[in-house]
>>> print(open('final10.txt').read())   # compact mmCIF, C-alpha atoms and all ligand atoms
# COMPACT_ATOMS: atom_id res chain seq x y z
CA MET A 1 0.00 0.00 0.00
CA SER A 2 1.48 3.34 -0.94
CA ASP A 3 -1.23 5.92 -0.59
CA ILE A 4 -0.16 9.33 0.66
CA VAL A 5 -2.39 11.25 3.04
CA PHE A 6 -2.24 14.82 4.36
CA ARG A 7 -4.52 15.60 7.31
CA ASN A 8 -4.94 19.30 8.00
CA VAL A 9 -1.33 20.04 7.19
CA THR A 10 -0.05 23.60 7.62
CA LYS A 11 3.42 24.84 6.74
CA ARG A 12 4.49 28.44 7.38
CA TYR A 13 7.58 30.34 6.38
CA GLY A 14 7.56 33.35 8.66
CA ASN A 15 4.23 35.02 7.92
CA THR A 16 3.70 33.11 4.66
CA LEU A 17 1.24 30.24 4.76
CA ALA A 18 2.87 28.04 2.12
CA VAL A 19 0.47 25.15 2.83
CA ASP A 20 -2.72 26.13 4.63
CA ASP A 21 -4.68 23.47 6.55
CA THR A 22 -4.57 21.10 3.61
CA SER A 23 -6.02 17.59 3.45
CA PHE A 24 -5.91 15.13 0.57
CA THR A 25 -5.34 11.48 -0.27
CA VAL A 26 -3.23 10.31 -3.19
CA ASN A 27 -4.36 6.74 -3.89
CA ASP A 28 -2.13 3.74 -4.45
CA ASN A 29 -0.91 3.57 -8.08
CA GLU A 30 -2.41 6.91 -8.95
CA PHE A 31 -0.94 9.56 -11.27
CA PHE A 32 -1.75 12.59 -9.14
CA CYS A 33 -0.99 16.16 -10.21
CA PHE A 34 -0.68 19.30 -8.16
CA PHE A 35 -1.44 22.23 -10.39
CA GLY A 36 -1.44 25.91 -9.55
CA PRO A 37 0.22 29.24 -10.29
CA PRO A 38 3.73 30.05 -9.04
CA LEU A 39 4.02 30.28 -5.24
CA SER A 40 0.75 28.40 -4.64
CA GLY A 41 2.51 25.77 -2.50
CA LYS A 42 3.17 22.93 -4.97
CA SER A 43 6.86 22.45 -4.20
CA THR A 44 6.30 22.80 -0.48
CA ILE A 45 3.83 19.91 -0.61
CA LEU A 46 6.46 17.77 -2.37
CA ARG A 47 9.11 18.72 0.20
CA LEU A 48 6.69 17.80 2.99
CA VAL A 49 6.09 14.39 1.38
CA LEU A 50 9.84 13.85 1.00
CA GLY A 51 10.44 14.91 4.58
CA LEU A 52 12.70 17.82 3.62
CA GLU A 53 10.27 20.07 5.51
CA GLN A 54 8.29 19.46 8.69
CA PRO A 55 4.65 20.54 8.95
CA ASP A 56 3.82 23.09 11.65
CA GLN A 57 0.50 21.34 12.15
CA GLY A 58 -1.25 18.26 10.86
CA GLU A 59 -0.26 14.73 9.99
CA ILE A 60 1.30 13.08 6.94
CA LEU A 61 0.85 9.34 6.31
CA ILE A 62 2.58 7.17 3.71
CA GLY A 63 1.18 3.69 3.20
CA GLY A 64 -0.98 4.11 6.29
CA LYS A 65 1.99 4.99 8.54
CA PRO A 66 2.40 8.42 10.14
CA VAL A 67 5.74 9.80 8.92
CA ASN A 68 5.97 13.20 10.63
CA SER A 69 8.94 12.00 12.66
CA VAL A 70 10.42 9.71 9.98
CA SER A 71 13.60 10.97 8.29
CA PRO A 72 13.68 11.57 4.50
CA ALA A 73 15.98 8.56 3.99
CA GLU A 74 13.49 6.26 5.72
CA ARG A 75 10.36 7.58 4.04
CA ASN A 76 10.78 5.48 0.96
CA VAL A 77 9.65 8.07 -1.56
CA ALA A 78 11.92 8.99 -4.46
CA MET A 79 12.31 12.26 -6.28
CA VAL A 80 12.95 12.22 -10.03
CA PHE A 81 14.99 15.35 -10.54
CA GLN A 82 14.22 18.31 -12.73
CA ASN A 83 15.11 17.88 -16.40
CA LEU A 84 15.61 14.19 -15.62
CA ALA A 85 19.31 14.85 -15.05
CA LEU A 86 21.58 11.82 -15.46
CA PHE A 87 25.32 11.63 -14.81
CA PRO A 88 26.73 12.20 -18.31
CA HIS A 89 29.99 10.31 -17.75
CA MET A 90 28.23 7.13 -16.58
CA SER A 91 26.44 4.48 -18.64
CA ALA A 92 22.70 4.11 -18.16
CA ARG A 93 23.51 0.97 -16.13
CA ASP A 94 25.77 2.85 -13.71
CA ASN A 95 23.26 5.68 -13.44
CA VAL A 96 20.54 3.26 -12.37
CA ARG A 97 22.86 1.37 -10.00
CA PHE A 98 24.12 4.56 -8.39
CA PRO A 99 21.58 4.97 -5.53
CA LEU A 100 22.22 1.38 -4.43
CA VAL A 101 26.00 1.57 -4.77
CA GLU A 102 25.90 4.75 -2.72
CA ARG A 103 23.98 2.91 -0.01
CA LYS A 104 26.50 0.04 -0.11
CA VAL A 105 23.88 -2.55 -1.07
CA ALA A 106 25.40 -6.00 -1.81
CA GLU A 107 26.42 -6.50 -5.45
CA ALA A 108 24.13 -9.49 -6.03
CA GLU A 109 21.15 -7.52 -4.72
CA ILE A 110 22.06 -4.52 -6.89
CA GLU A 111 22.13 -6.67 -10.03
CA LYS A 112 18.82 -8.28 -9.11
CA ARG A 113 17.09 -4.92 -8.60
CA LEU A 114 18.69 -3.50 -11.73
CA ALA A 115 17.33 -6.42 -13.76
CA GLU A 116 13.85 -5.95 -12.28
CA VAL A 117 13.59 -2.24 -12.95
CA ALA A 118 15.22 -2.57 -16.39
CA ALA A 119 12.56 -5.12 -17.32
CA LYS A 120 9.72 -2.96 -15.97
CA LEU A 121 10.95 0.10 -17.85
CA HIS A 122 12.05 -1.74 -21.01
CA ILE A 123 15.60 -0.40 -20.91
CA GLY A 124 17.61 -3.66 -20.78
CA HIS A 125 18.88 -3.12 -24.34
CA ILE A 126 20.21 0.40 -23.74
CA LEU A 127 21.91 -0.02 -20.38
CA HIS A 128 25.41 0.02 -21.92
CA LYS A 129 24.92 3.47 -23.49
CA PRO A 130 25.85 6.84 -22.00
CA PRO A 131 22.99 9.38 -21.67
CA ALA A 132 24.22 11.34 -24.70
CA GLN A 133 23.43 8.37 -26.96
CA LEU A 134 19.87 7.97 -25.67
CA SER A 135 16.70 9.53 -27.04
CA GLY A 136 14.69 11.87 -24.81
CA GLY A 137 12.20 9.11 -24.01
CA GLU A 138 14.98 6.64 -23.18
CA ARG A 139 16.67 9.17 -20.88
CA GLN A 140 13.39 9.64 -19.11
CA ARG A 141 12.99 5.91 -18.56
CA VAL A 142 16.56 5.66 -17.24
CA ALA A 143 16.03 8.61 -14.85
CA ILE A 144 12.85 7.00 -13.54
CA ALA A 145 14.62 3.65 -13.23
CA ARG A 146 17.28 5.36 -11.11
CA ALA A 147 14.54 6.67 -8.79
CA LEU A 148 12.70 3.34 -8.67
CA VAL A 149 15.65 1.03 -8.12
CA ARG A 150 15.23 1.53 -4.37
CA ASP A 151 11.65 0.28 -4.76
CA PRO A 152 10.05 3.38 -3.23
CA ALA A 153 6.39 3.52 -2.25
CA ALA A 154 5.94 6.48 -4.56
CA TYR A 155 7.94 8.71 -6.86
CA LEU A 156 7.70 12.45 -7.18
CA MET A 157 8.36 14.89 -9.98
CA ASP A 158 8.57 18.67 -9.72
CA ASP A 159 7.79 20.30 -13.06
CA PRO A 160 10.08 17.77 -14.77
CA ILE A 161 9.56 18.82 -18.37
CA SER A 162 9.05 22.58 -18.16
CA ALA A 163 12.52 23.24 -19.64
CA LEU A 164 11.82 21.28 -22.83
CA ASP A 165 10.56 22.85 -26.04
CA ALA A 166 6.87 22.50 -26.87
CA ARG A 167 7.13 19.54 -29.21
CA LEU A 168 9.38 17.57 -26.88
CA ARG A 169 7.06 18.36 -23.95
CA GLU A 170 4.14 16.78 -25.76
CA GLU A 171 6.12 13.64 -26.55
CA THR A 172 7.52 13.45 -23.07
CA ARG A 173 4.24 13.71 -21.26
CA VAL A 174 2.73 10.92 -23.37
CA GLU A 175 5.77 8.82 -22.50
CA LEU A 176 5.44 9.65 -18.78
CA LYS A 177 1.82 8.68 -18.75
CA ARG A 178 2.61 5.42 -20.51
CA ILE A 179 5.43 4.61 -18.06
CA GLN A 180 3.22 5.28 -15.06
CA ARG A 181 0.45 3.09 -16.48
CA GLU A 182 2.89 0.24 -17.08
CA LEU A 183 4.54 0.56 -13.67
CA GLY A 184 1.38 1.12 -11.71
CA LYS A 185 3.23 3.05 -9.02
CA THR A 186 2.02 6.11 -7.14
CA LEU A 187 3.29 9.24 -8.87
CA ILE A 188 2.96 12.75 -7.46
CA TYR A 189 3.58 15.28 -10.16
CA VAL A 190 3.80 19.04 -9.92
CA THR A 191 3.16 21.32 -12.86
CA HIS A 192 2.16 24.91 -13.56
CA ASP A 193 0.94 23.92 -17.05
CA GLN A 194 -2.79 23.24 -17.19
CA GLU A 195 -2.68 21.28 -20.41
CA GLU A 196 0.04 19.04 -19.01
CA ALA A 197 -1.86 18.47 -15.77
CA MET A 198 -5.06 17.64 -17.61
CA SER A 199 -3.37 15.33 -20.08
CA VAL A 200 -1.44 13.17 -17.60
CA ALA A 201 -3.34 13.12 -14.31
CA ASP A 202 -5.74 10.44 -13.11
CA ARG A 203 -6.75 13.03 -10.54
CA MET A 204 -5.49 16.49 -9.80
CA ALA A 205 -5.60 19.11 -7.08
CA ILE A 206 -5.87 22.78 -7.98
CA LEU A 207 -4.03 25.06 -5.58
CA GLU A 208 -4.35 28.70 -4.69
CA ASN A 209 -2.27 30.34 -1.95
CA GLY A 210 -1.49 27.07 -0.21
CA ARG A 211 -5.07 25.81 -0.27
CA ILE A 212 -6.61 23.10 -2.42
CA ARG A 213 -9.54 24.61 -4.31
CA GLN A 214 -10.72 21.40 -5.95
CA ILE A 215 -9.67 17.76 -6.29
CA GLY A 216 -10.93 15.38 -8.95
CA ALA A 217 -10.41 13.83 -12.34
CA PRO A 218 -9.42 16.53 -14.86
CA SER A 219 -12.60 16.05 -16.88
CA GLU A 220 -14.80 16.35 -13.76
CA ILE A 221 -13.11 19.58 -12.72
CA TYR A 222 -13.30 20.93 -16.25
CA ASP A 223 -17.01 20.15 -16.58
CA ARG A 224 -17.99 21.08 -13.02
CA PRO A 225 -15.53 23.63 -11.64
CA ALA A 226 -16.32 24.39 -8.01
CA SER A 227 -15.55 28.08 -8.39
CA ALA A 228 -14.79 30.82 -10.87
CA TYR A 229 -11.12 30.57 -9.82
CA VAL A 230 -10.93 26.89 -10.78
CA ALA A 231 -12.98 27.50 -13.93
CA ARG A 232 -10.39 30.04 -15.10
CA MET A 233 -7.48 27.70 -14.35
CA LEU A 234 -8.49 24.98 -16.83
CA GLY A 235 -9.22 25.45 -20.50
CA SER A 236 -7.64 27.38 -23.32
CA PRO A 237 -8.92 29.86 -24.32
CA MET A 238 -10.14 30.19 -20.78
CA MET A 239 -13.78 30.21 -19.75
CA ASN A 240 -15.61 33.46 -20.47
CA ILE A 241 -16.81 34.75 -17.11
CA LEU A 242 -19.13 37.73 -17.31
CA PRO A 243 -20.92 39.77 -14.65
CA SER A 244 -24.62 39.08 -14.86
CA VAL A 245 -27.67 41.01 -13.74
CA ARG A 246 -31.32 40.17 -13.28
CA GLY A 247 -33.32 41.69 -16.11
CA ALA A 248 -37.01 41.70 -16.90
CA SER A 249 -36.95 38.28 -18.54
CA GLY A 250 -34.24 36.52 -16.55
CA ILE A 251 -30.49 36.81 -16.21
CA GLU A 252 -28.62 39.04 -18.62
CA ALA A 253 -24.96 39.47 -19.38
CA ALA A 254 -22.91 41.52 -21.82
CA GLU A 255 -25.54 44.27 -22.03
CA GLY A 256 -28.34 42.03 -23.17
CA THR A 257 -26.37 40.05 -25.74
CA ILE A 258 -26.81 37.01 -23.51
CA ARG A 259 -30.18 36.29 -21.89
CA ILE A 260 -31.17 33.29 -19.86
CA ALA A 261 -34.77 32.66 -18.88
CA ASP A 262 -35.64 32.65 -15.17
CA ALA A 263 -36.37 28.97 -14.87
CA GLU A 264 -32.85 27.90 -15.75
CA ALA A 265 -30.80 30.46 -13.88
CA PRO A 266 -30.06 30.40 -10.12
CA ALA A 267 -31.28 33.65 -8.60
CA GLU A 268 -28.05 34.24 -6.61
CA ALA A 269 -25.81 34.23 -9.72
CA ILE A 270 -23.66 37.31 -10.11
CA GLU A 271 -21.49 35.88 -12.86
CA ILE A 272 -22.05 33.44 -15.68
CA GLY A 273 -19.40 31.29 -17.33
CA LEU A 274 -19.36 30.08 -20.92
CA ARG A 275 -16.69 27.73 -22.25
CA PRO A 276 -15.41 28.99 -25.63
CA GLU A 277 -16.30 25.67 -27.28
CA ASP A 278 -19.90 25.93 -26.05
CA ILE A 279 -20.56 29.23 -27.80
CA GLU A 280 -22.26 29.02 -31.17
CA VAL A 281 -21.88 31.86 -33.61
CA ARG A 282 -24.31 32.55 -36.47
CA PRO A 283 -24.57 35.45 -38.89
CA TRP A 284 -26.89 38.17 -37.56
CA THR A 285 -29.95 38.35 -39.75
CA GLY A 286 -31.16 41.58 -38.22
CA ASN A 287 -34.65 40.24 -37.63
CA GLY A 288 -34.27 38.50 -34.28
CA THR A 289 -36.65 39.29 -31.48
CA ALA A 290 -36.44 42.88 -30.32
CA GLU A 291 -34.63 42.11 -27.05
CA VAL A 292 -31.84 39.96 -28.50
CA ARG A 293 -28.77 41.91 -29.50
CA PRO A 294 -25.96 41.05 -31.88
CA ALA A 295 -22.29 40.79 -31.01
CA ARG A 296 -19.54 42.16 -33.20
CA VAL A 297 -16.60 40.08 -34.37
CA PHE A 298 -13.57 41.76 -32.85
CA GLU A 299 -10.81 39.49 -34.14
CA VAL A 300 -10.40 36.09 -35.79
CA GLU A 301 -7.49 33.72 -35.08
CA PRO A 302 -7.42 30.77 -37.48
CA LEU A 303 -5.42 27.96 -35.87
CA GLY A 304 -5.84 25.27 -38.52
CA GLY A 305 -8.09 22.66 -36.94
CA TYR A 306 -10.06 25.33 -35.12
CA THR A 307 -10.56 29.07 -34.99
CA VAL A 308 -10.71 31.40 -32.02
CA VAL A 309 -13.16 34.22 -32.55
CA THR A 310 -13.12 37.15 -30.13
CA LEU A 311 -16.49 38.84 -29.89
CA ALA A 312 -17.38 42.28 -28.62
CA ALA A 313 -20.72 42.21 -26.82
CA GLY A 314 -21.32 45.58 -25.25
CA GLN A 315 -18.20 46.28 -23.18
CA ALA A 316 -17.57 42.56 -22.75
CA ARG A 317 -15.13 40.48 -24.76
CA LEU A 318 -15.95 36.81 -25.31
CA ARG A 319 -13.91 34.15 -26.97
CA ALA A 320 -15.53 31.38 -28.98
CA LEU A 321 -13.73 28.29 -30.20
CA LEU A 322 -15.12 27.13 -33.54
CA ARG A 323 -14.24 24.01 -35.48
CA GLY A 324 -12.30 24.32 -38.71
CA GLN A 325 -12.00 27.62 -40.51
CA PRO A 326 -15.44 29.23 -40.60
CA ASP A 327 -16.06 32.12 -42.95
CA ILE A 328 -16.17 34.91 -40.36
CA MET A 329 -14.68 38.37 -40.87
CA PRO A 330 -13.73 41.01 -38.29
CA ASP A 331 -16.51 43.57 -37.67
CA ALA A 332 -19.27 41.22 -38.87
CA MET A 333 -22.41 41.25 -36.70
CA VAL A 334 -23.28 37.83 -35.31
CA ALA A 335 -25.79 36.17 -33.03
CA ILE A 336 -24.35 34.03 -30.25
CA SER A 337 -25.98 31.23 -28.34
CA CYS A 338 -25.15 28.45 -25.92
CA GLU A 339 -27.01 25.34 -24.73
CA PRO A 340 -28.63 26.40 -21.44
CA GLY A 341 -27.28 23.26 -19.74
CA ARG A 342 -23.71 24.32 -20.58
CA VAL A 343 -23.87 27.66 -18.77
CA HIS A 344 -21.97 27.91 -15.44
CA TYR A 345 -23.25 30.18 -12.67
CA PHE A 346 -21.16 31.71 -9.90
CA GLY A 347 -22.34 33.41 -6.71
CA GLN A 348 -21.10 36.21 -4.49
CA ASP A 349 -18.10 34.29 -3.14
CA GLY A 350 -17.09 32.96 -6.57
CA GLY A 351 -18.48 29.52 -5.78
CA ALA A 352 -20.32 27.58 -8.47
CA LEU A 353 -24.11 27.44 -8.08
P1 LIG B 1 5.12 26.75 -5.92
O1 LIG B 1 5.89 25.47 -5.93
O2 LIG B 1 3.65 26.57 -6.19
O3 LIG B 1 5.71 27.81 -6.79
P2 LIG B 1 6.17 27.06 -3.25
O4 LIG B 1 5.75 25.86 -2.50
O5 LIG B 1 7.57 27.12 -3.75
O6 LIG B 1 5.14 27.34 -4.43
O7 LIG B 1 5.95 28.36 -2.34
C1 LIG B 1 4.78 28.59 -1.57
C2 LIG B 1 4.97 29.83 -0.74
O8 LIG B 1 5.95 29.60 0.26
C3 LIG B 1 5.45 31.02 -1.52
O9 LIG B 1 4.85 32.18 -1.00
C4 LIG B 1 6.95 31.04 -1.27
O10 LIG B 1 7.46 32.34 -1.36
C5 LIG B 1 7.05 30.49 0.13
N1 LIG B 1 8.29 29.73 0.35
C6 LIG B 1 8.59 28.55 -0.22
N2 LIG B 1 9.78 28.11 0.21
C7 LIG B 1 10.25 29.02 1.09
C8 LIG B 1 11.43 29.15 1.90
N3 LIG B 1 12.37 28.20 1.91
N4 LIG B 1 11.53 30.25 2.68
C9 LIG B 1 10.58 31.20 2.70
N5 LIG B 1 9.45 31.14 1.98
C10 LIG B 1 9.28 30.07 1.18
>>> encode(input="final10.txt", output="structure tokens")
Amino acid sequence: MSDIVFRNVTKRYGNTLAVDDTSFTVNDNEFFCFFGPPLSGKSTILRLVLGLEQPDQGEILIGGKPVNSVSPAERNVAMVFQNLALFPHMSARDNVRFPLVERKVAEAEIEKRLAEVAAKLHIGHILHKPPAQLSGGERQRVAIARALVRDPAAYLMDDPISALDARLREETRVELKRIQRELGKTLIYVTHDQEEAMSVADRMAILENGRIRQIGAPSEIYDRPASAYVARMLGSPMMNILPSVRGASGIEAAEGTIRIADAEAPAEAIEIGLRPEDIEVRPWTGNGTAEVRPARVFEVEPLGGYTVVTLAAGQARLRALLRGQPDIMPDAMVAISCEPGRVHYFGQDGGAL
């Protein structure tokens, strides 16, 4: 069992609450992401798991055992270092053996563990090569093998691929996901990249100022964000969130360009949220009902497979994500609509209604 549990954990640096009364469970064999803006507490959580920091309050459990007073060396969690750094002058084999050699493990045991992890990570055929002769994906497997050779309960990664260029990042995250699926080991992964978090995580936690704002599968959080903050954190272009008011015939936003009938809209809503892909755009025929207003096309960004259209609706700007390359020109007048069931509503405190 290698689940990792935080119970009401708080960590302060002076007056800064780096981790603020935080509770969560990372399940056995789960690919779990912490995602949040810089300084939201992601790295501090990792350091608390590793035992490099002590919580001021609360309890941390690994595999059911409280570890607050267990040293980092005895915690049995392994960090895979940033940029997957390997010793360049050593073969892949010596890189993987290194943590065991360093701990003076018996040679027969080292070879046994090496063989096991090499088989799990499919690197047996490249062990003789130095890192410079390995592909990016192979280097990643070797770096993970080096972390796993001690058979830790879980392995941890802190923004491991942020330094790579965009194309390599895409390849690498697919590879990471594949490796984790094959290994079936608990992985805690920190990233500040929403697309990366969504693409790799079984479940994720969204952080703000040391607090978890929502935990769940990426698709659950995307479809049912618990707050306007979380809604803005996932999705590109990000969710359109507009102040709304109660008008004569229901809730209105963007100066009457968007109207939602009473029955569907929670009375306490002060903001509505529309995902760009949920907005439909049609040419304005000029003969809609008197109270529906057109929006104006502000700018068009054709991106090949889809097109981002920025709309001016009163003072508001909305972004719509349309499939393909629709025939829409800047300054055209258009009618916009959205399935009522796809509209998000947020209340006074930013919470979803
Ligand atoms: P993230 O990884 O999300 O960027 P961190 O966990 O590094 O966030 O930081 C969380 C908060 O704790 C920040 O306000 C940061 O300035 C503060 N912090 C982190 N480490 C230290 C430290 N060693 N000393 C003082 N403040 C720290």
>>> closest_residue(input="final10.txt", among="A:Ile241, A:Leu321, A:Ala312, A:Ile328", to="A:Pro283", atoms="all atoms listed in the file")
A:Ile328
>>> closest_residue(input="final10.txt", among="A:Asp349, A:Glu208, A:Asp3, A:Glu116", to="ligand LIG 1 (chain B)", atoms="all atoms listed in the file")
A:Glu208
>>> residues_near_ligand(input="final10.txt", ligand="ligand LIG 1 (chain B)", cutoff="6 Å", atoms="all atoms listed in the file", output="list in words")
Tyr13, Thr16, Ala18, Pro37, Pro38, Leu39, Ser40, Gly41, Lys42, Ser43 and Thr44 of chain A
>>> residues_around(input="final10.txt", residues="stretch 59-63 of chain A", least_positions_apart="4", cutoff="9 Å", atoms="all atoms listed in the file", output="number ranges by chain")
A: 1-9, 28, 48-49, 55, 67-68, 75-77, 153-154
>>> atom_distance(input="final10.txt", atom1="atom CA of A:Arg113", atom2="atom CA of A:Glu138")
18.7 Å
>>> atom_distance(input="final10.txt", atom1="atom CA of A:Phe298", atom2="atom CA of A:Ala332")
8.3 Å
>>> closest_residue(input="final10.txt", among="A:Glu170, A:Ser23, A:His125, A:Val190", to="A:Arg47", atoms="only C-alpha atoms")
A:Val190
>>> atom_distance(input="final10.txt", atom1="atom CA of A:Pro66", atom2="atom CA of A:Leu52")
15.4 Å
>>> closest_residue(input="final10.txt", among="A:Arg323, A:Arg103, A:Arg224, A:Lys185", to="A:Val343", atoms="all atoms listed in the file")
A:Arg224
>>> residues_around(input="final10.txt", residues="A:Leu121", least_positions_apart="4", cutoff="8 Å", atoms="all atoms listed in the file", output="list in words")
Val117, Arg141, Val142, Ala145, Ile179 and Leu183 of chain A
>>> decode(input="final10.txt", residues="stretch 72-138 of chain A", atoms="C-alpha atoms", output="PDB file, in the first residue's frame")
ATOM      1  CA  PRO A  72      13.683  11.574   4.503  1.00  0.00           C
ATOM      2  CA  ALA A  73      15.977   8.564   3.994  1.00  0.00           C
ATOM      3  CA  GLU A  74      13.489   6.265   5.717  1.00  0.00           C
ATOM      4  CA  ARG A  75      10.361   7.580   4.036  1.00  0.00           C
ATOM      5  CA  ASN A  76      10.778   5.479   0.960  1.00  0.00           C
ATOM      6  CA  VAL A  77       9.650   8.067  -1.558  1.00  0.00           C
ATOM      7  CA  ALA A  78      11.924   8.987  -4.459  1.00  0.00           C
ATOM      8  CA  MET A  79      12.313  12.262  -6.278  1.00  0.00           C
ATOM      9  CA  VAL A  80      12.954  12.218 -10.035  1.00  0.00           C
ATOM     10  CA  PHE A  81      14.994  15.347 -10.538  1.00  0.00           C
ATOM     11  CA  GLN A  82      14.218  18.314 -12.733  1.00  0.00           C
ATOM     12  CA  ASN A  83      15.109  17.879 -16.404  1.00  0.00           C
ATOM     13  CA  LEU A  84      15.611  14.193 -15.616  1.00  0.00           C
ATOM     14  CA  ALA A  85      19.309  14.848 -15.052  1.00  0.00           C
ATOM     15  CA  LEU A  86      21.584  11.820 -15.456  1.00  0.00           C
ATOM     16  CA  PHE A  87      25.323  11.633 -14.813  1.00  0.00           C
ATOM     17  CA  PRO A  88      26.726  12.204 -18.308  1.00  0.00           C
ATOM     18  CA  HIS A  89      29.991  10.311 -17.752  1.00  0.00           C
ATOM     19  CA  MET A  90      28.228   7.133 -16.578  1.00  0.00           C
ATOM     20  CA  SER A  91      26.439   4.483 -18.641  1.00  0.00           C
ATOM     21  CA  ALA A  92      22.703   4.110 -18.158  1.00  0.00           C
ATOM     22  CA  ARG A  93      23.506   0.973 -16.134  1.00  0.00           C
ATOM     23  CA  ASP A  94      25.768   2.852 -13.706  1.00  0.00           C
ATOM     24  CA  ASN A  95      23.258   5.679 -13.436  1.00  0.00           C
ATOM     25  CA  VAL A  96      20.536   3.256 -12.374  1.00  0.00           C
ATOM     26  CA  ARG A  97      22.857   1.367  -9.998  1.00  0.00           C
ATOM     27  CA  PHE A  98      24.118   4.562  -8.392  1.00  0.00           C
ATOM     28  CA  PRO A  99      21.583   4.972  -5.530  1.00  0.00           C
ATOM     29  CA  LEU A 100      22.224   1.376  -4.428  1.00  0.00           C
ATOM     30  CA  VAL A 101      26.002   1.571  -4.770  1.00  0.00           C
ATOM     31  CA  GLU A 102      25.904   4.747  -2.723  1.00  0.00           C
ATOM     32  CA  ARG A 103      23.977   2.909  -0.009  1.00  0.00           C
ATOM     33  CA  LYS A 104      26.500   0.038  -0.111  1.00  0.00           C
ATOM     34  CA  VAL A 105      23.884  -2.549  -1.074  1.00  0.00           C
ATOM     35  CA  ALA A 106      25.402  -6.000  -1.814  1.00  0.00           C
ATOM     36  CA  GLU A 107      26.423  -6.499  -5.454  1.00  0.00           C
ATOM     37  CA  ALA A 108      24.127  -9.492  -6.034  1.00  0.00           C
ATOM     38  CA  GLU A 109      21.153  -7.518  -4.720  1.00  0.00           C
ATOM     39  CA  ILE A 110      22.063  -4.518  -6.891  1.00  0.00           C
ATOM     40  CA  GLU A 111      22.128  -6.674 -10.031  1.00  0.00           C
ATOM     41  CA  LYS A 112      18.823  -8.278  -9.107  1.00  0.00           C
ATOM     42  CA  ARG A 113      17.087  -4.921  -8.602  1.00  0.00           C
ATOM     43  CA  LEU A 114      18.688  -3.504 -11.732  1.00  0.00           C
ATOM     44  CA  ALA A 115      17.332  -6.415 -13.763  1.00  0.00           C
ATOM     45  CA  GLU A 116      13.848  -5.947 -12.283  1.00  0.00           C
ATOM     46  CA  VAL A 117      13.594  -2.243 -12.950  1.00  0.00           C
ATOM     47  CA  ALA A 118      15.218  -2.565 -16.387  1.00  0.00           C
ATOM     48  CA  ALA A 119      12.559  -5.120 -17.323  1.00  0.00           C
ATOM     49  CA  LYS A 120       9.724  -2.959 -15.975  1.00  0.00           C
ATOM     50  CA  LEU A 121      10.946   0.097 -17.847  1.00  0.00           C
ATOM     51  CA  HIS A 122      12.050  -1.742 -21.012  1.00  0.00           C
ATOM     52  CA  ILE A 123      15.599  -0.400 -20.907  1.00  0.00           C
ATOM     53  CA  GLY A 124      17.606  -3.656 -20.782  1.00  0.00           C
ATOM     54  CA  HIS A 125      18.882  -3.122 -24.339  1.00  0.00           C
ATOM     55  CA  ILE A 126      20.209   0.402 -23.742  1.00  0.00           C
ATOM     56  CA  LEU A 127      21.913  -0.019 -20.376  1.00  0.00           C
ATOM     57  CA  HIS A 128      25.406   0.025 -21.918  1.00  0.00           C
ATOM     58  CA  LYS A 129      24.924   3.465 -23.494  1.00  0.00           C
ATOM     59  CA  PRO A 130      25.851   6.839 -22.004  1.00  0.00           C
ATOM     60  CA  PRO A 131      22.991   9.375 -21.674  1.00  0.00           C
ATOM     61  CA  ALA A 132      24.219  11.342 -24.704  1.00  0.00           C
ATOM     62  CA  GLN A 133      23.432   8.366 -26.958  1.00  0.00           C
ATOM     63  CA  LEU A 134      19.869   7.970 -25.668  1.00  0.00           C
ATOM     64  CA  SER A 135      16.700   9.535 -27.036  1.00  0.00           C
ATOM     65  CA  GLY A 136      14.693  11.873 -24.813  1.00  0.00           C
ATOM     66  CA  GLY A 137      12.198   9.112 -24.008  1.00  0.00           C
ATOM     67  CA  GLU A 138      14.976   6.639 -23.184  1.00  0.00           C
TER      68      GLU A 138
END
